[in-house]
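Structure data (mmCIF, C-alpha atoms) from input28.cif:
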data_protein
loop_
_atom_site.label_atom_id
_atom_site.label_comp_id
_atom_site.auth_asym_id
_atom_site.auth_seq_id
_atom_site.Cartn_x
_atom_site.Cartn_y
_atom_site.Cartn_z
CA MET A 30 60.95 -8.55 133.02
CA GLN A 31 58.96 -11.38 131.41
CA ARG A 32 56.17 -8.92 130.56
CA PHE A 33 58.72 -6.53 129.09
CA LEU A 34 60.28 -9.24 126.90
CA PHE A 35 56.84 -10.40 125.74
CA ALA A 36 55.92 -6.83 124.80
CA LEU A 37 59.12 -6.45 122.81
CA VAL A 38 58.50 -9.71 120.94
CA ALA A 39 55.02 -8.48 120.05
CA ALA A 40 56.38 -5.12 118.94
CA THR A 41 59.03 -6.82 116.80
CA SER A 42 56.43 -8.96 115.08
CA ALA A 43 54.08 -6.05 114.57
CA ALA A 44 56.82 -3.81 113.25
CA ALA A 45 57.52 -6.46 110.70
CA ALA A 46 59.43 -9.45 111.46
CA SER A 47 65.91 -7.89 105.02
CA LEU A 48 68.03 -10.05 106.54
CA ASP A 49 70.48 -7.19 106.72
CA ALA A 50 70.33 -4.00 108.75
CA GLN A 51 71.16 -1.85 105.75
CA SER A 52 71.66 -1.96 101.99
CA VAL A 53 75.01 -3.66 102.51
CA ARG A 54 75.56 -5.30 105.86
CA SER A 55 78.20 -3.71 108.02
CA ARG A 56 81.28 -5.87 108.24
CA SER A 57 80.77 -6.04 112.01
CA ALA A 58 77.45 -7.81 111.43
CA ASP A 59 79.24 -10.54 109.45
CA TYR A 60 80.82 -11.97 112.59
CA LEU A 61 79.18 -10.30 115.63
CA PHE A 62 75.82 -11.33 117.06
CA ALA A 63 72.96 -9.40 118.64
CA ALA A 64 73.33 -11.20 121.98
CA THR A 65 77.02 -10.36 122.53
CA ALA A 66 78.02 -7.15 120.68
CA ASN A 67 78.83 -4.61 123.41
CA ASP A 68 81.28 -1.99 122.09
CA ALA A 69 81.02 0.68 119.37
CA ARG A 70 80.30 -2.04 116.79
CA ALA A 71 77.00 -2.79 118.54
CA VAL A 72 75.39 0.23 116.88
CA TRP A 73 75.45 -1.81 113.64
CA VAL A 74 74.24 -5.06 115.23
CA ASN A 75 72.08 -4.38 118.29
CA PRO A 76 71.84 -0.83 119.69
CA ALA A 77 71.14 -2.17 123.19
CA GLY A 78 74.68 -3.56 123.38
CA THR A 79 76.28 -0.20 124.12
CA ALA A 80 74.42 -0.02 127.46
CA VAL A 81 75.55 -3.40 128.75
CA VAL A 82 79.20 -2.58 129.51
CA PRO A 83 79.87 0.94 130.89
CA GLY A 84 82.67 2.52 128.90
CA ALA A 85 83.76 4.43 125.83
CA SER A 86 84.69 2.70 122.59
CA VAL A 87 85.88 3.59 119.10
CA MET A 88 86.17 1.33 116.08
CA ALA A 89 87.30 1.42 112.45
CA GLU A 90 86.81 -1.17 109.71
CA PHE A 91 88.11 -1.44 106.16
CA ALA A 92 87.04 -4.10 103.67
CA LEU A 93 88.25 -5.30 100.27
CA ASP A 94 86.10 -7.14 97.73
CA PHE A 95 87.35 -9.85 95.40
CA PRO A 96 84.84 -9.84 92.50
CA ARG A 97 84.73 -12.90 90.32
CA ASP A 98 85.05 -10.97 87.05
CA SER A 99 87.06 -7.87 87.98
CA SER A 100 90.04 -6.72 90.01
CA VAL A 101 90.23 -6.34 93.79
CA ARG A 102 88.65 -3.11 95.02
CA PHE A 103 88.20 -1.13 98.23
CA ALA A 104 84.55 -1.81 99.08
CA GLN A 105 83.61 -0.48 102.51
CA TRP A 106 84.85 1.58 105.44
CA THR A 107 83.14 2.11 108.76
CA LEU A 108 83.75 4.30 111.81
CA ALA A 109 81.85 4.33 115.09
CA PHE A 110 82.05 5.76 118.60
CA SER A 111 80.05 4.98 121.74
CA SER A 112 80.06 6.25 125.32
CA ARG A 113 77.55 5.78 128.15
CA GLY A 114 74.85 4.46 125.83
CA LEU A 115 75.26 7.13 123.15
CA SER A 116 76.73 6.05 119.83
CA LEU A 117 77.46 7.43 116.40
CA GLY A 118 78.58 5.54 113.31
CA TYR A 119 79.16 6.10 109.62
CA GLN A 120 79.43 3.44 106.93
CA ARG A 121 80.52 4.06 103.35
CA ASP A 122 79.97 1.48 100.61
CA ARG A 123 81.67 1.64 97.23
CA PHE A 124 80.11 -0.30 94.39
CA ALA A 125 81.68 -0.98 91.02
CA GLU A 126 78.80 0.70 89.17
CA ASP A 127 78.01 3.38 91.78
CA PRO A 128 80.57 4.01 94.53
CA ASN A 129 78.80 6.64 96.64
CA THR A 130 76.36 5.21 99.19
CA GLY A 131 76.57 6.02 102.90
CA ALA A 132 74.71 5.36 106.15
CA LEU A 133 74.89 7.65 109.20
CA ARG A 134 73.60 6.02 112.37
CA PHE A 135 72.82 7.49 115.81
CA GLY A 136 72.20 5.19 118.77
CA LEU A 137 70.78 5.59 122.27
CA ALA A 138 70.73 2.83 124.90
CA VAL A 139 69.91 2.64 128.59
CA PRO A 140 70.79 -0.17 131.01
CA PHE A 141 68.47 -2.07 133.30
CA ARG A 142 69.26 -4.83 135.75
CA GLY A 143 70.64 -7.71 133.73
CA GLY A 144 70.68 -5.99 130.36
CA GLY A 145 69.88 -2.95 128.27
CA ILE A 146 67.46 -1.55 125.72
CA GLY A 147 68.32 0.72 122.81
CA ALA A 148 67.34 2.32 119.53
CA SER A 149 69.32 3.46 116.51
CA PHE A 150 68.28 5.90 113.79
CA THR A 151 69.85 5.59 110.35
CA PHE A 152 70.03 8.20 107.62
CA TYR A 153 70.86 6.65 104.25
CA GLN A 154 72.59 8.93 101.78
CA GLY A 155 71.63 8.54 98.16
CA SER A 156 73.85 8.16 95.13
CA ALA A 157 73.80 8.55 91.38
CA VAL A 158 71.16 5.83 91.30
CA ASP A 159 68.98 7.45 93.94
CA THR A 160 69.63 11.03 95.04
CA ALA A 161 67.18 10.95 97.95
CA SER A 162 67.97 10.30 101.59
CA HIS A 163 66.08 7.70 103.59
CA ARG A 164 65.59 7.01 107.28
CA GLY A 165 65.34 3.77 109.20
CA LEU A 166 64.90 2.71 112.82
CA ASP A 167 66.21 -0.31 114.76
CA LEU A 168 65.07 -1.32 118.25
CA GLY A 169 66.91 -3.83 120.41
CA VAL A 170 67.17 -5.41 123.84
CA ARG A 171 69.84 -7.47 125.59
CA TYR A 172 69.23 -9.60 128.69
CA ARG A 173 71.45 -11.99 130.66
CA LEU A 174 69.08 -14.76 131.66
CA LEU A 175 71.79 -16.91 133.25
CA SER A 176 75.48 -16.39 133.95
CA VAL A 177 76.26 -18.41 130.82
CA LEU A 178 73.28 -17.35 128.64
CA ASP A 179 72.67 -14.01 126.92
CA LEU A 180 69.48 -13.29 124.94
CA ALA A 181 68.63 -10.56 122.44
CA LEU A 182 65.71 -9.27 120.39
CA VAL A 183 66.11 -6.76 117.57
CA ALA A 184 63.64 -5.16 115.16
CA ARG A 185 65.47 -3.82 112.09
CA ASN A 186 64.49 -1.60 109.17
CA ILE A 187 61.35 -0.24 110.84
CA GLY A 188 59.91 2.19 108.33
CA ARG A 189 61.28 0.16 105.40
CA PRO A 190 63.97 2.59 104.21
CA ALA A 191 64.94 2.48 100.54
CA PRO A 192 68.64 3.16 100.04
CA ARG A 193 69.80 2.82 96.41
CA ASP A 194 66.12 2.93 95.44
CA VAL A 195 65.53 -0.55 96.88
CA ARG A 196 63.09 -0.88 99.78
CA LEU A 197 64.42 -2.94 102.70
CA PRO A 198 62.02 -5.37 104.38
CA ALA A 199 61.56 -5.03 108.12
CA THR A 200 63.22 -7.85 110.04
CA GLY A 201 62.93 -9.44 113.46
CA VAL A 202 65.95 -11.09 115.08
CA LEU A 203 66.01 -13.47 118.04
CA GLY A 204 69.51 -14.19 119.31
CA ALA A 205 71.16 -16.29 122.01
CA ALA A 206 74.73 -16.81 123.14
CA VAL A 207 75.84 -19.72 125.33
CA HIS A 208 79.19 -19.23 127.06
CA VAL A 209 80.16 -22.89 127.04
CA ILE A 210 83.47 -22.14 128.77
CA PRO A 211 83.35 -18.53 130.06
CA SER A 212 86.13 -16.38 128.55
CA HIS A 213 87.22 -19.29 126.34
CA ALA A 214 84.36 -20.64 124.21
CA ALA A 215 80.94 -19.31 123.16
CA LEU A 216 78.24 -20.65 120.83
CA GLN A 217 76.00 -18.01 119.23
CA LEU A 218 72.75 -18.40 117.31
CA GLU A 219 70.27 -16.09 115.56
CA ILE A 220 66.87 -16.62 113.97
CA LEU A 221 65.81 -13.94 111.49
CA ALA A 222 62.34 -13.34 110.02
CA ALA A 223 62.07 -10.85 107.14
CA GLU A 224 58.79 -9.79 105.59
CA ARG A 225 58.08 -10.54 101.93
CA LEU A 226 57.64 -7.16 100.26
CA GLU A 227 55.84 -8.42 97.18
CA ALA A 228 53.81 -11.17 98.81
CA SER A 229 52.31 -12.13 102.15
CA GLY A 230 54.26 -13.91 104.87
CA TYR A 231 57.93 -13.79 105.73
CA GLU A 232 61.25 -15.46 104.96
CA MET A 233 63.30 -17.23 107.61
CA ALA A 234 67.07 -17.37 107.91
CA TYR A 235 69.50 -18.57 110.53
CA ARG A 236 73.03 -17.69 111.71
CA GLY A 237 75.41 -19.67 113.86
CA GLY A 238 78.82 -18.77 115.24
CA LEU A 239 81.59 -20.22 117.36
CA LEU A 240 84.22 -18.20 119.21
CA ILE A 241 87.22 -19.91 120.82
CA SER A 242 89.67 -17.80 122.85
CA THR A 243 92.88 -18.42 124.76
CA GLY A 244 91.84 -15.92 127.44
CA GLY A 245 94.46 -14.17 129.53
CA GLY A 246 95.89 -10.68 129.30
CA LEU A 247 96.29 -10.79 125.50
CA PRO A 248 93.69 -13.26 124.22
CA VAL A 249 93.81 -14.75 120.74
CA SER A 250 90.40 -15.73 119.40
CA ILE A 251 89.23 -17.78 116.44
CA ILE A 252 85.89 -16.73 114.95
CA GLY A 253 83.69 -18.80 112.66
CA THR A 254 80.14 -18.07 111.42
CA LEU A 255 77.69 -19.63 108.98
CA ASP A 256 74.50 -18.15 107.46
CA VAL A 257 71.81 -20.52 106.21
CA ASP A 258 68.42 -20.03 104.54
CA SER A 259 64.99 -21.32 105.53
CA ASP A 260 65.81 -24.74 104.02
CA PHE A 261 69.09 -24.81 105.96
CA GLY A 262 71.07 -24.36 102.78
CA LEU A 263 74.44 -22.74 103.39
CA GLN A 264 74.50 -19.12 102.16
CA MET A 265 77.63 -17.46 103.58
CA TRP A 266 80.69 -18.32 105.64
CA ALA A 267 83.06 -16.13 107.63
CA PHE A 268 86.30 -17.02 109.38
CA GLY A 269 88.56 -14.70 111.33
CA LEU A 270 91.25 -14.16 113.91
CA ALA A 271 91.08 -11.56 116.70
CA ILE A 272 93.94 -10.49 118.94
CA GLY A 273 93.38 -8.52 122.13
CA GLY A 274 90.59 -7.85 124.60
CA GLN A 275 89.27 -4.32 125.11
CA ASP A 276 91.82 -3.12 122.57
CA SER A 277 91.71 -5.58 119.71
CA GLY A 278 92.26 -6.17 116.04
CA THR A 279 90.26 -8.57 113.87
CA ALA A 280 91.09 -9.97 110.44
CA LEU A 281 88.14 -11.60 108.68
CA ALA A 282 87.56 -13.46 105.41
CA SER A 283 84.12 -14.38 104.08
CA GLY A 284 82.23 -15.39 100.99
CA PRO A 285 79.17 -17.10 99.51
CA ALA A 286 78.70 -20.82 99.95
CA GLY A 287 76.54 -23.61 98.60
CA SER A 288 75.47 -24.60 95.08
CA GLY A 289 79.07 -24.93 93.97
CA ILE A 290 79.91 -21.23 94.47
CA THR A 291 81.95 -21.34 97.68
CA ARG A 292 84.77 -18.82 97.33
CA LEU A 293 86.52 -15.89 99.00
CA GLN A 294 84.57 -12.68 98.36
CA ARG A 295 85.64 -10.17 101.03
CA MET A 296 88.46 -9.55 103.50
CA SER A 297 88.59 -6.90 106.21
CA LEU A 298 90.54 -5.49 109.13
CA THR A 299 88.85 -4.06 112.24
CA GLY A 300 90.36 -2.16 115.14
CA VAL A 301 88.57 -1.46 118.43
CA ALA A 302 89.72 0.52 121.48
CA THR A 303 87.64 0.51 124.70
CA ARG A 304 88.00 2.19 128.08
CA SER A 305 85.80 0.98 130.93
CA PHE A 306 84.07 3.24 133.44
CA ALA A 307 83.37 2.40 137.05
CA ARG A 308 79.68 1.82 137.72
#
Do you think you could lay out the structure here as structure tokens?
Amino acid sequence: MQRFLFALVAATSAAAASLDAQSVRSRSADYLFAATANDARAVWVNPAGTAVVPGASVMAEFALDFPRDSSVRFAQWTLAFSSRGLSLGYQRDRFAEDPNTGALRFGLAVPFRGGGIGASFTFYQGSAVDTASHRGLDLGVRYRLLSVLDLALVARNIGRPAPRDVRLPATGVLGAAVHVIPSHAALQLEILAAERLEASGYEMAYRGGLLISTGGGLPVSIIGTLDVDSDFGLQMWAFGLAIGGQDSGTALASGPAGSGITRLQRMSLTGVATRSFAR
């Protein structure tokens, strides 16, 4: 296993080390992390996640934007399905100047003892700005090192797709989740390295998240995440409330932060339904 993880780290670095998995980050990726996503939403975060828990899952997300200089608008909707390591998702982004950009993603994941490995293939649909279609590839792995520690590695945007006529830099993600109090509290961290497209080297960024849950048959969970840049300057915040376990609903608010621009920018609702299979 150590040799396998070392090989994946090398492959991630070689493949390229954008801080987002697509032209606009899926709402799921605003609050989920590569080391813990394990239902249909994992296809947008870490494709290996769908192999970790045997079952079938469906999800739907809808997001509203609150632009500073215009009225509230419907900005994004996402659908996804996963079963036995196979997943399919579609994300539609609506922009004020060009409302017709989509991403169709297929995922495949297989389990191994203690974790899973997966890949997702994305087909970006063009718009009035860019009528071409573009393809991207993500590779990911999940591994439970200890009963309270999950690890993840993800290589995103392999092939440097160019949705909306903007090339996305390849990105490497190293993630960890510490289950401080199993079923009640988890601390999640990610380190991201994105290549500089117009210069040598790479840009670093970091994400941190805290999940606190009541547990029980109908858990209520509080979600909080922060994104920071390479100088540890705050870039984005997200705060949400989730109700339910395998069948759950999540309400999330987020926005930019730092430099005097902290404000509410986006709100969303997410619904997930999961049915477990016996191993």
Excluding segment 222-238 of chain A and residues on its chain fewer than 2 positions from it, collect all residues at most 8 Å away from it, counting all atoms listed in the file, and give them as a list in words.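 The filter keeps Ala45, Ala46, Ser47, Leu48, Tyr60, Pro198, Ala199, Thr200, Gly201, Val202, Leu216, Gln217, Leu218, Glu219, Ile220, Leu240, Ile252, Gly253, Thr254, Leu255, Asp256, Val257, Asp258, Ser259 and Phe261 of chain A.
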Return the single residue from A:Phe95, A:Phe135, A:Phe141, A:Phe306 that is closest to Gly118 of chain A, with distances computed using only C-alpha atoms. A:Phe135
Which residue gives the smallest distance to Pro76 of chain A among A:Leu108, A:Leu270, A:Ala191, A:Val170, with only C-alpha atoms counted?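 Nearest candidate to Pro76 of chain A out of A:Leu108, A:Leu270, A:Ala191, A:Val170: A:Val170.
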Pick from A:Asn186, A:Ser111, A:Gln105, A:Asn67, whichever lies nearest to Phe124 of chain A using all atoms listed in the file: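 Nearest to Phe124 of chain A: A:Gln105.
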Using all atoms listed in the file, which of A:Ser212, A:Ser57, A:Ser242, A:Gln264 sits nearest Ala280 of chain A? A:Ser57
Please measure the separation of atom CA of Thr243 of chain A and atom CA of Val177 of chain A, giving the value in Å to one decimal.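 According to the coordinates, atom CA of Thr243 of chain A and atom CA of Val177 of chain A are separated by 17.7 Å.
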Give me, please, the distance in Å between atom CA of Val101 of chain A and atom CA of Gly278 of chain A, quoted to one decimal.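 We find that atom CA of Val101 of chain A and atom CA of Gly278 of chain A lie 22.3 Å from each other.
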So how many Å separate atom CA of Gln294 of chain A and atom CA of Thr107 of chain A, to one decimal?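 Separation of atom CA of Gln294 of chain A and atom CA of Thr107 of chain A: 18.1 Å.
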I'd like to see the residues matched by the PyMOL selection byres ((chain A and resi 298) around 6) on this file, and ideally I'd get them as a list in words.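 Selected by the PyMOL selection byres ((chain A and resi 298) around 6) in this file: Glu90, Phe91, Thr279, Ala280, Ser297 and Thr299 of chain A.
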Dump as a PyMOL selection string all residues having an atom at most 10 Å from (61.3, 2.0, 106.0), computed in the file's coordinates with all atoms listed in the file. chain A and resi 163-166+185-192+196-199
Assuming the chain letters and numbering stay as they are in my file, what does the PyMOL selection byres ((chain A and resi 274) around 8) actually select? List them as a VMD selection string. chain A and resid 246 to 248 272 to 273 275 to 277
Could you check the closest approach to Leu180 of chain A for each of A:Gly300, A:Gly78, A:Gly84, A:Gly131 and tell me which residue wins, using only C-alpha atoms?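 Once distances to Leu180 of chain A are computed over only C-alpha atoms, the minimum belongs to A:Gly78.
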Looking at A:Ser55, A:Thr303, A:Ser176, A:Thr291, which one is nearest to Arg97 of chain A, with distances taken over all atoms listed in the file?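 For Arg97 of chain A, the nearest of the given residues is A:Thr291.
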Determine the axis-aligned bounding box of all atoms of segment 246-253 of chain A present in the file, pad each side by 5 Å, and express its centre and edge lengths in Å to one decimal place as JSON.
{"center_x": 90.0, "center_y": -14.7, "center_z": 121.0, "size_x": 22.6, "size_y": 18.1, "size_z": 26.6}
Find the residues around Pro140 of chain A up to 7 Å (only C-alpha atoms counted), leave out those fewer than 3 positions away in its own chain, and share them as an NGL selection string. :A and (80-81 or 144-146)
Might you spell out which residues the PyMOL selection byres ((chain A and resi 61-64) around 6) would select in the displayed file, as an MDAnalysis selection string? chainID A and resid 57:58 60 65:66 74:75 179:181 204:206
